[in-house]
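The data block below is start-v8.txt; it holds compact mmCIF, C-alpha atoms and all ligand atoms.
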```txt
# COMPACT_ATOMS: atom_id res chain seq x y z
CA MET A 10 113.28 9.84 -47.61
CA VAL A 11 110.58 7.42 -48.70
CA VAL A 12 109.65 4.17 -46.92
CA ASN A 13 111.68 1.91 -49.25
CA GLU A 14 114.82 4.03 -48.94
CA LEU A 15 114.56 4.01 -45.18
CA ILE A 16 114.11 0.23 -45.07
CA SER A 17 117.25 -0.14 -47.22
CA LYS A 18 119.13 2.23 -44.92
CA GLY A 19 118.00 0.19 -41.88
CA MET A 20 119.09 -3.04 -43.57
CA THR A 21 122.52 -1.62 -44.35
CA LEU A 22 122.99 -0.57 -40.74
CA ILE A 23 122.46 -4.08 -39.33
CA GLU A 24 123.55 -6.21 -42.33
CA GLY A 25 125.94 -9.01 -41.46
CA LYS A 26 125.08 -9.19 -37.75
CA GLU A 27 124.64 -12.83 -36.79
CA TYR A 28 121.63 -12.11 -34.58
CA SER A 29 119.49 -10.08 -36.96
CA ASN A 30 117.12 -10.45 -39.88
CA PRO A 31 117.81 -7.04 -41.46
CA ARG A 32 114.74 -6.64 -43.68
CA LEU A 33 112.18 -7.98 -41.22
CA GLU A 34 113.65 -6.02 -38.32
CA SER A 35 113.72 -2.78 -40.33
CA ILE A 36 110.09 -3.31 -41.32
CA LEU A 37 109.06 -4.06 -37.73
CA VAL A 38 110.74 -0.93 -36.39
CA LEU A 39 109.40 1.40 -39.07
CA SER A 40 105.86 0.02 -38.88
CA GLN A 41 105.85 0.52 -35.11
CA LEU A 42 107.12 4.11 -35.44
CA LEU A 43 104.49 4.88 -38.07
CA ASN A 44 101.89 3.05 -35.99
CA VAL A 45 100.82 0.95 -38.98
CA ASP A 46 100.58 -2.73 -39.80
CA LYS A 47 103.63 -4.42 -41.44
CA SER A 48 101.64 -4.74 -44.68
CA TYR A 49 101.57 -0.92 -44.99
CA ILE A 50 105.35 -0.94 -45.50
CA TYR A 51 105.09 -3.45 -48.36
CA ILE A 52 102.33 -1.51 -50.12
CA HIS A 53 103.45 2.09 -49.52
CA GLY A 54 107.15 1.93 -50.34
CA ASP A 55 107.04 5.32 -52.10
CA LYS A 56 105.41 7.27 -49.22
CA THR A 57 107.55 10.03 -47.73
CA VAL A 58 108.55 9.56 -44.08
CA GLU A 59 108.57 12.68 -41.87
CA GLU A 60 111.99 13.84 -40.67
CA PRO A 61 111.44 13.11 -36.89
CA VAL A 62 110.30 9.55 -37.66
CA LYS A 63 113.29 9.06 -39.96
CA ASP A 64 115.70 10.28 -37.25
CA LYS A 65 114.10 8.05 -34.61
CA PHE A 66 114.23 5.06 -37.00
CA ILE A 67 117.94 5.56 -37.69
CA SER A 68 118.78 6.00 -34.02
CA ILE A 69 116.94 2.75 -33.17
CA MET A 70 118.66 0.84 -35.98
CA GLU A 71 122.05 2.16 -34.84
CA LYS A 72 121.38 0.85 -31.33
CA ARG A 73 120.31 -2.44 -32.86
CA ALA A 74 123.61 -2.55 -34.78
CA GLU A 75 125.39 -2.31 -31.41
CA GLY A 76 123.62 -5.46 -30.23
CA TYR A 77 120.67 -3.98 -28.39
CA PRO A 78 117.83 -6.57 -28.51
CA LEU A 79 114.95 -5.65 -30.80
CA GLN A 80 112.34 -6.40 -28.12
CA TYR A 81 113.88 -3.84 -25.77
CA LEU A 82 113.98 -1.25 -28.56
CA LEU A 83 110.35 -1.85 -29.50
CA ASN A 84 109.22 -2.50 -25.89
CA GLU A 85 107.36 -5.48 -27.24
CA GLY A 86 107.73 -9.24 -27.42
CA GLU A 87 105.36 -11.88 -28.68
CA PHE A 88 104.78 -15.06 -26.70
CA MET A 89 102.03 -17.67 -27.14
CA GLY A 90 100.25 -15.32 -29.56
CA LEU A 91 100.08 -12.59 -26.90
CA CYS A 92 101.84 -9.24 -27.09
CA PHE A 93 103.89 -8.50 -23.95
CA TYR A 94 105.35 -5.16 -22.89
CA ILE A 95 109.10 -5.73 -22.46
CA GLU A 96 111.84 -3.51 -21.10
CA GLU A 97 115.37 -3.94 -19.82
CA GLY A 98 115.30 -5.66 -16.45
CA VAL A 99 113.16 -8.58 -17.64
CA LEU A 100 114.19 -11.56 -19.72
CA ILE A 101 112.90 -11.51 -23.29
CA PRO A 102 110.50 -14.49 -23.57
CA ARG A 103 111.89 -17.22 -25.84
CA PRO A 104 110.05 -19.41 -28.38
CA ASP A 105 111.42 -22.56 -26.65
CA THR A 106 109.55 -21.58 -23.48
CA GLU A 107 106.31 -21.87 -25.48
CA ILE A 108 106.82 -25.66 -25.51
CA LEU A 109 106.77 -25.64 -21.71
CA VAL A 110 103.65 -23.49 -21.57
CA GLN A 111 101.83 -25.48 -24.26
CA PHE A 112 102.53 -28.70 -22.35
CA ILE A 113 101.08 -27.19 -19.17
CA ILE A 114 97.99 -25.87 -20.97
CA ASP A 115 97.37 -29.32 -22.50
CA TYR A 116 97.86 -30.92 -19.08
CA ILE A 117 95.43 -28.57 -17.32
CA LYS A 118 92.75 -28.67 -20.05
CA ASN A 119 89.62 -27.27 -18.38
CA GLN A 120 90.49 -28.41 -14.89
CA ASP A 121 90.28 -26.12 -11.94
CA MET A 122 93.94 -25.91 -10.83
CA ASN A 123 96.31 -23.56 -9.11
CA VAL A 124 99.78 -22.95 -10.46
CA LEU A 125 102.91 -21.40 -8.99
CA ASP A 126 105.39 -19.81 -11.45
CA ILE A 127 108.81 -19.16 -9.91
CA GLY A 128 110.76 -16.32 -11.58
CA VAL A 129 108.09 -14.55 -13.61
CA GLY A 130 110.16 -12.08 -15.66
CA SER A 131 107.70 -10.34 -17.99
CA GLY A 132 104.92 -12.64 -16.79
CA ALA A 133 105.05 -14.61 -20.05
CA ILE A 134 104.54 -18.07 -18.51
CA SER A 135 102.06 -17.04 -15.79
CA LEU A 136 99.89 -14.87 -17.98
CA SER A 137 99.78 -17.29 -20.93
CA ILE A 138 98.61 -20.09 -18.63
CA ALA A 139 96.07 -17.75 -17.02
CA GLU A 140 94.83 -16.59 -20.42
CA TYR A 141 94.43 -20.05 -21.99
CA CYS A 142 93.26 -21.83 -18.82
CA PRO A 143 90.60 -19.51 -17.40
CA ASN A 144 89.69 -21.92 -14.57
CA THR A 145 93.25 -21.78 -13.29
CA ARG A 146 94.56 -19.47 -10.60
CA VAL A 147 98.20 -18.50 -11.15
CA TYR A 148 100.61 -17.19 -8.50
CA GLY A 149 103.83 -15.72 -9.89
CA ILE A 150 106.87 -14.81 -7.81
CA ASP A 151 110.11 -13.02 -8.55
CA ILE A 152 112.91 -11.70 -6.37
CA GLU A 153 113.31 -8.47 -8.36
CA ASP A 154 110.96 -5.50 -8.42
CA ILE A 155 111.17 -4.74 -12.17
CA PRO A 156 109.75 -8.17 -13.21
CA ILE A 157 106.93 -7.80 -10.67
CA LYS A 158 106.14 -4.33 -12.04
CA ILE A 159 106.26 -5.49 -15.69
CA ALA A 160 104.26 -8.67 -15.01
CA ASN A 161 101.54 -6.55 -13.37
CA LEU A 162 101.61 -4.14 -16.28
CA ASN A 163 101.17 -7.05 -18.71
CA LYS A 164 98.38 -8.46 -16.56
CA GLU A 165 96.52 -5.17 -17.04
CA LYS A 166 97.42 -4.87 -20.73
CA LEU A 167 96.11 -8.38 -21.43
CA LYS A 168 93.10 -7.89 -19.13
CA ILE A 169 93.84 -11.01 -17.09
CA SER A 170 92.28 -11.43 -13.67
CA ASN A 171 93.28 -14.97 -12.63
CA ALA A 172 97.01 -14.27 -12.03
CA ASP A 173 98.75 -12.39 -9.20
CA PHE A 174 102.39 -11.48 -8.63
CA PHE A 175 104.41 -11.37 -5.42
CA GLN A 176 107.95 -10.25 -4.79
CA GLY A 177 110.31 -12.43 -2.79
CA ASP A 178 113.00 -15.09 -2.76
CA LEU A 179 111.67 -18.41 -4.10
CA PHE A 180 109.13 -20.01 -1.69
CA LYS A 181 109.79 -17.40 0.97
CA ALA A 182 107.75 -15.01 -1.19
CA LEU A 183 104.68 -17.10 -0.29
CA GLU A 184 105.34 -16.82 3.44
CA ASP A 185 106.13 -13.11 3.16
CA HIS A 186 102.76 -12.50 1.50
CA ASN A 187 100.78 -14.89 3.74
CA ILE A 188 99.87 -17.21 0.90
CA ASP A 189 98.89 -20.51 2.42
CA GLU A 190 98.35 -22.64 -0.71
CA LYS A 191 99.36 -26.01 -2.07
CA PHE A 192 99.74 -26.18 -5.82
CA HIS A 193 98.74 -28.63 -8.54
CA ILE A 194 101.65 -27.38 -10.64
CA ILE A 195 104.89 -25.60 -9.85
CA VAL A 196 106.63 -24.29 -12.97
CA SER A 197 109.91 -22.50 -13.35
CA ASN A 198 112.20 -21.29 -16.09
CA PRO A 199 114.94 -20.43 -13.61
CA PRO A 200 118.33 -18.85 -14.26
CA TYR A 201 120.40 -21.81 -15.54
CA ILE A 202 123.56 -20.57 -17.26
CA LYS A 203 126.74 -21.92 -15.68
CA THR A 204 129.76 -19.76 -14.82
CA ARG A 205 131.91 -20.81 -17.72
CA ASP A 206 129.14 -20.24 -20.31
CA ILE A 207 128.25 -16.68 -19.23
CA GLU A 208 131.13 -15.12 -21.18
CA ASP A 209 130.19 -17.01 -24.35
CA LEU A 210 126.61 -15.71 -24.53
CA GLN A 211 125.65 -13.62 -27.57
CA VAL A 212 126.38 -9.93 -27.02
CA GLU A 213 122.69 -9.03 -27.10
CA VAL A 214 122.05 -11.40 -24.19
CA LYS A 215 125.24 -10.85 -22.17
CA ASP A 216 125.30 -7.06 -22.37
CA HIS A 217 121.58 -6.34 -22.11
CA GLU A 218 119.56 -9.04 -20.37
CA PRO A 219 119.64 -9.12 -16.54
CA LEU A 220 122.34 -11.39 -15.11
CA ILE A 221 120.04 -12.37 -12.24
CA ALA A 222 117.69 -13.90 -14.83
CA LEU A 223 120.49 -15.93 -16.39
CA TYR A 224 123.10 -17.04 -13.87
CA GLY A 225 122.40 -20.39 -12.23
CA GLY A 226 125.61 -20.81 -10.20
CA GLU A 227 128.88 -22.62 -10.90
CA ASP A 228 127.24 -25.60 -12.66
CA GLY A 229 123.99 -23.79 -13.58
CA LEU A 230 121.93 -26.08 -11.35
CA ASP A 231 121.54 -24.03 -8.14
CA PHE A 232 117.87 -23.19 -8.73
CA TYR A 233 116.91 -26.75 -9.73
CA ARG A 234 118.33 -28.00 -6.43
CA LYS A 235 116.67 -25.33 -4.29
CA ILE A 236 113.29 -25.38 -6.03
CA SER A 237 113.07 -29.19 -6.20
CA LYS A 238 113.72 -29.47 -2.47
CA GLY A 239 111.33 -26.65 -1.52
CA ALA A 240 108.58 -27.71 -3.92
CA LEU A 241 107.78 -30.82 -1.88
CA ASP A 242 106.24 -28.63 0.85
CA TYR A 243 104.12 -26.65 -1.58
CA LEU A 244 102.89 -29.27 -4.06
CA ARG A 245 99.68 -31.20 -3.59
CA HIS A 246 99.74 -35.00 -3.61
CA LYS A 247 100.65 -36.04 -7.22
CA GLY A 248 101.33 -32.40 -8.06
CA MET A 249 103.67 -31.68 -10.99
CA LEU A 250 107.00 -29.87 -10.85
CA ILE A 251 108.06 -28.74 -14.32
CA TYR A 252 111.15 -26.87 -15.51
CA GLU A 253 112.68 -25.38 -18.56
CA ILE A 254 116.33 -26.51 -18.63
CA GLY A 255 119.52 -25.81 -20.58
CA TYR A 256 119.98 -28.19 -23.55
CA ASP A 257 122.74 -30.13 -21.74
CA GLN A 258 121.16 -30.33 -18.26
CA GLY A 259 118.56 -33.05 -18.83
CA SER A 260 120.13 -35.95 -17.00
CA GLN A 261 121.42 -33.79 -14.13
CA VAL A 262 118.02 -32.21 -13.49
CA MET A 263 116.37 -35.63 -13.71
CA ASP A 264 118.83 -36.86 -11.06
CA ILE A 265 117.94 -33.95 -8.79
CA LEU A 266 114.24 -34.86 -9.06
CA TYR A 267 114.94 -38.57 -8.40
CA LYS A 268 116.96 -37.72 -5.31
CA GLU A 269 114.09 -35.61 -3.95
CA GLY A 270 111.69 -38.53 -4.47
CA PHE A 271 109.73 -37.30 -7.49
CA GLU A 272 108.06 -39.96 -9.66
CA ASN A 273 107.35 -40.47 -13.37
CA ILE A 274 110.14 -38.09 -14.36
CA SER A 275 110.35 -37.26 -18.06
CA ILE A 276 112.12 -35.03 -20.56
CA LEU A 277 110.64 -33.11 -23.51
CA LYS A 278 112.70 -31.82 -26.43
CA ASP A 279 112.68 -28.41 -28.14
CA TYR A 280 112.30 -27.59 -31.86
CA GLN A 281 116.01 -28.35 -32.42
CA GLY A 282 115.70 -31.78 -30.81
CA HIS A 283 117.54 -30.74 -27.61
CA ASP A 284 116.39 -31.63 -24.11
CA ARG A 285 114.43 -28.58 -22.94
CA ILE A 286 111.89 -29.57 -20.30
CA VAL A 287 112.03 -31.87 -17.29
CA TYR A 288 109.01 -32.72 -15.18
CA GLY A 289 108.05 -35.09 -12.43
CA PHE A 290 105.32 -35.71 -9.87
CA LYS A 291 105.29 -35.61 -6.10
CA GLY A 292 104.77 -39.13 -4.79
C1 LIG B 1 115.19 -17.06 -16.82
S1 LIG B 1 114.19 -15.77 -16.13
C2 LIG B 1 112.58 -16.35 -16.56
C3 LIG B 1 111.59 -15.26 -16.85
C4 LIG B 1 110.24 -15.73 -17.42
N1 LIG B 1 109.63 -16.74 -16.58
C5 LIG B 1 110.42 -16.27 -18.83
O1 LIG B 1 110.43 -17.50 -18.98
O2 LIG B 1 110.54 -15.47 -19.78
C6 LIG B 1 114.36 -16.13 -14.41
C7 LIG B 1 113.66 -15.17 -13.46
O3 LIG B 1 113.91 -15.62 -12.12
C8 LIG B 1 114.04 -14.50 -11.27
N2 LIG B 1 114.78 -14.92 -10.07
C9 LIG B 1 116.13 -15.02 -9.90
N3 LIG B 1 116.42 -15.42 -8.64
C10 LIG B 1 115.23 -15.57 -7.99
C11 LIG B 1 114.87 -15.95 -6.66
N4 LIG B 1 115.79 -16.27 -5.75
N5 LIG B 1 113.55 -15.98 -6.34
C12 LIG B 1 112.60 -15.66 -7.26
N6 LIG B 1 112.89 -15.29 -8.53
C13 LIG B 1 114.19 -15.25 -8.90
C14 LIG B 1 114.77 -13.48 -12.12
O4 LIG B 1 114.58 -12.16 -11.62
C15 LIG B 1 114.12 -13.70 -13.50
O5 LIG B 1 113.02 -12.85 -13.68
```
If you took the structure in this file and wrote it as structure tokens, what would it be?
Ligand SMILES: C[S@@+](CC[C@H](N)C(=O)[O-])C[C@H]1O[C@@H](n2cnc3c(N)ncnc32)[C@H](O)[C@@H]1O
Amino acid sequence: MVVNELISKGMTLIEGKEYSNPRLESILVLSQLLNVDKSYIYIHGDKTVEEPVKDKFISIMEKRAEGYPLQYLLNEGEFMGLCFYIEEGVLIPRPDTEILVQFIIDYIKNQDMNVLDIGVGSGAISLSIAEYCPNTRVYGIDIEDIPIKIANLNKEKLKISNADFFQGDLFKALEDHNIDEKFHIIVSNPPYIKTRDIEDLQVEVKDHEPLIALYGGEDGLDFYRKISKGALDYLRHKGMLIYEIGYDQGSQVMDILYKEGFENISILKDYQGHDRIVYGFKG
């Protein structure tokens, strides 16, 4: 089979699935298997593809057709212009989270700050801040061992030295690892899906992404309550607590921050105009 025929075959396999862009996804998979740039596929449509590569391509596209996320199949996800290693067991970084990270980078500018990221997943938030704010020291924590392993792997892959990762339950991870720090910024994209929404998630999320990265309790707000309360002991004076939130959680998360005594609380919207970020400052 030649490149063009294989791309058509890939497209046919995943055509009509709500979550896929058949042509682009087929090109991404084949270019990764051939270890070439995407442009190669456009220019060399008549090149013959070796049998083992063809078989691998079809098996990947068949898994994709079953709802397996592309990032897990390619072991790759892009975030803030950086290429992260991704595998099952960590949340796939989302474009909306880039708004949160960009806001933090703009806030830090060139200042010398330390940042705590709660729930690191692939390390997308921690490592992007560390990369774009070289004077910053980032501490990332996660309760699970796979995210800690993958975040460390990405730290090495991206050659970042100003971020470190620690396993443990929320702020207890700091005590467990004898980290006696107060932070200028505490950031978290915590699990925030509520019980009744879990079943309605897209199949590629529900069946493949880790539940512990998604489920935020009955009303989805468990982590906002716990982190907002705990953060007061770990933030510096006027330090910022900043969250990614579900599109319908803006006013509830703002209320949680008000109740804990945070000041200058605000909301930022995502690319679709939905509430996506809430932040406030320790008084
Ligand atoms: C929504 S994911 C965010 C991952 C990553 N920060 C991102 O934005 O792509 C939430 C993360 O919180 C972690 N987590 C869940 N419960 C936790 C806890 N009690 N303490 C620390 N981390 C926790 C999960 O393992 C998961 O990696």
task = Report the distance between atom CA of Gly248 of chain A and atom CA of Tyr280 of chain A in Å, rounded to one decimal place.
result =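 Atom-to-atom, atom CA of Gly248 of chain A and atom CA of Tyr280 of chain A are spaced 26.6 Å apart.
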Hey, could you make a per-residue contact list for chain A against ligand LIG 1 (chain B) with 8 Å as the cut-off, showing the nearest pair of atoms and its distance in Å to one decimal, counting all atoms listed in the file, sorted by chain and number, as a Markdown table?
```
| residue | atom | partner | partner_atom | distance |
| --- | --- | --- | --- | --- |
| A:Val99 | CA | B:LIG1 | O5 | 5.8 |
| A:Leu100 | CA | B:LIG1 | O2 | 5.3 |
| A:Ile101 | CA | B:LIG1 | O2 | 5.8 |
| A:Pro102 | CA | B:LIG1 | O2 | 3.9 |
| A:Arg103 | CA | B:LIG1 | O2 | 6.5 |
| A:Thr106 | CA | B:LIG1 | O1 | 6.1 |
| A:Asp126 | CA | B:LIG1 | N1 | 7.3 |
| A:Ile127 | CA | B:LIG1 | N6 | 5.8 |
| A:Gly128 | CA | B:LIG1 | O3 | 3.3 |
| A:Val129 | CA | B:LIG1 | N1 | 4.0 |
| A:Gly130 | CA | B:LIG1 | O5 | 3.6 |
| A:Ser131 | CA | B:LIG1 | C4 | 6.0 |
| A:Gly132 | CA | B:LIG1 | C4 | 6.2 |
| A:Ala133 | CA | B:LIG1 | O2 | 5.6 |
| A:Ile134 | CA | B:LIG1 | N1 | 5.6 |
| A:Ser135 | CA | B:LIG1 | N1 | 7.6 |
| A:Ile150 | CA | B:LIG1 | C12 | 5.8 |
| A:Asp151 | CA | B:LIG1 | N6 | 3.6 |
| A:Ile152 | CA | B:LIG1 | C12 | 4.1 |
| A:Glu153 | CA | B:LIG1 | O4 | 5.1 |
| A:Pro156 | CA | B:LIG1 | O5 | 5.7 |
| A:Gln176 | CA | B:LIG1 | C12 | 7.5 |
| A:Gly177 | CA | B:LIG1 | C12 | 6.0 |
| A:Asp178 | CA | B:LIG1 | N5 | 3.7 |
| A:Leu179 | CA | B:LIG1 | N5 | 3.8 |
| A:Phe180 | CA | B:LIG1 | N5 | 7.6 |
| A:Ala182 | CA | B:LIG1 | C12 | 7.8 |
| A:Ser197 | CA | B:LIG1 | N1 | 6.6 |
| A:Asn198 | CA | B:LIG1 | C2 | 5.0 |
| A:Pro199 | CA | B:LIG1 | C6 | 4.4 |
| A:Pro200 | CA | B:LIG1 | C1 | 4.4 |
| A:Tyr201 | CA | B:LIG1 | C1 | 7.2 |
| A:Pro219 | CA | B:LIG1 | O4 | 7.7 |
| A:Ile221 | CA | B:LIG1 | C9 | 5.3 |
| A:Ala222 | CA | B:LIG1 | C15 | 3.8 |
| A:Leu223 | CA | B:LIG1 | C1 | 5.4 |
| A:Phe232 | CA | B:LIG1 | N4 | 7.8 |
```
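For the pair atom CA of Asp115 of chain A and atom CA of Tyr141 of chain A, the separation is 9.7 Å.
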task = Name the residues in contact with Glu165 of chain A at a cut-off of 12 Å, using all atoms listed in the file, excluding same-chain residues fewer than 6 positions from it; report them as a ChimeraX atom specification.
result = /A:93-94,132,136,158-159,171-173
Close residues, segment 14-27 of chain A itself excluded, 12 Å, all atoms listed in the file, min 2 positions apart in chain, as an NGL selection string = :A and (10-12 or 29-40 or 50-51 or 53-60 or 62-77 or 79 or 211-213)
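Picture a line from atom CA of Asp209 of chain A to atom CA of Glu96 of chain A; it runs 23.0 Å.
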For Ala240 of chain A, list every protein, DNA or RNA residue within 9 Å, evaluated using all atoms listed in the file, and leave out those in the same chain fewer than 6 positions away; present the list as an mmCIF file with C-alpha atoms, in the coordinates of the input.
```
data_model
loop_
_atom_site.group_PDB
_atom_site.id
_atom_site.type_symbol
_atom_site.label_atom_id
_atom_site.label_comp_id
_atom_site.auth_asym_id
_atom_site.auth_seq_id
_atom_site.Cartn_x
_atom_site.Cartn_y
_atom_site.Cartn_z
ATOM 1 C CA PHE A 180 109.130 -20.010 -1.690
ATOM 2 C CA ILE A 195 104.890 -25.600 -9.850
ATOM 3 C CA LEU A 250 107.000 -29.870 -10.850
ATOM 4 C CA LYS A 291 105.290 -35.610 -6.100
#
```
Long-range neighbours of Asp121 of chain A as JSON, numbers by chain, 12 Å cut-off, all atoms listed in the file, 5 positions minimum in chain = {"A": [114, 116, 139, 142, 143, 144, 145, 146, 147, 171, 192, 193, 194]}
task = Find, counting only C-alpha atoms, the residue in A:Arg285, A:Lys118, A:Arg234, A:Arg245 that gets nearest to Gln258 of chain A.
result =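 Looking at the shortest contact to Gln258 of chain A, the residue is A:Arg285.
The shortest atom-to-atom distance to Ile188 of chain A, with all atoms listed in the file taken into account, belongs to A:Tyr243 out of A:Asp105, A:Asn163, A:Gly226, A:Tyr243.
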Please give the centre and size of the box around segment 210-229 of chain A (axis-aligned, containing every atom listed in the file, 6 Å added per side), with values in Å to one decimal and written as lines of an AutoDock Vina configuration file.
```
center_x = 123.3
center_y = -16.0
center_z = -18.9
size_x = 23.2
size_y = 31.3
size_z = 29.4
```
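For the choices A:Glu97, A:Leu277, A:Asn187, A:Lys166, the atom-to-atom distance to Leu220 of chain A is smallest for A:Glu97 when using only C-alpha atoms.
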Which residue of A:Leu230, A:Gly292, A:Gly86, A:His246 approaches Met263 of chain A most closely, using all atoms listed in the file = A:Leu230
message = Give me the residues near segment 203-206 of chain A as a PyMOL selection string, where near means some atom within 6 Å (using only C-alpha atoms) and where sequence neighbours in that chain fewer than 4 positions away do not count.
response = chain A and resi 225-229
task = Select, from A:Gly149, A:Gly289, A:Pro78, A:Gly255, the residue with the minimum atom-to-atom distance to His217 of chain A, counting all atoms listed in the file.
result = A:Pro78
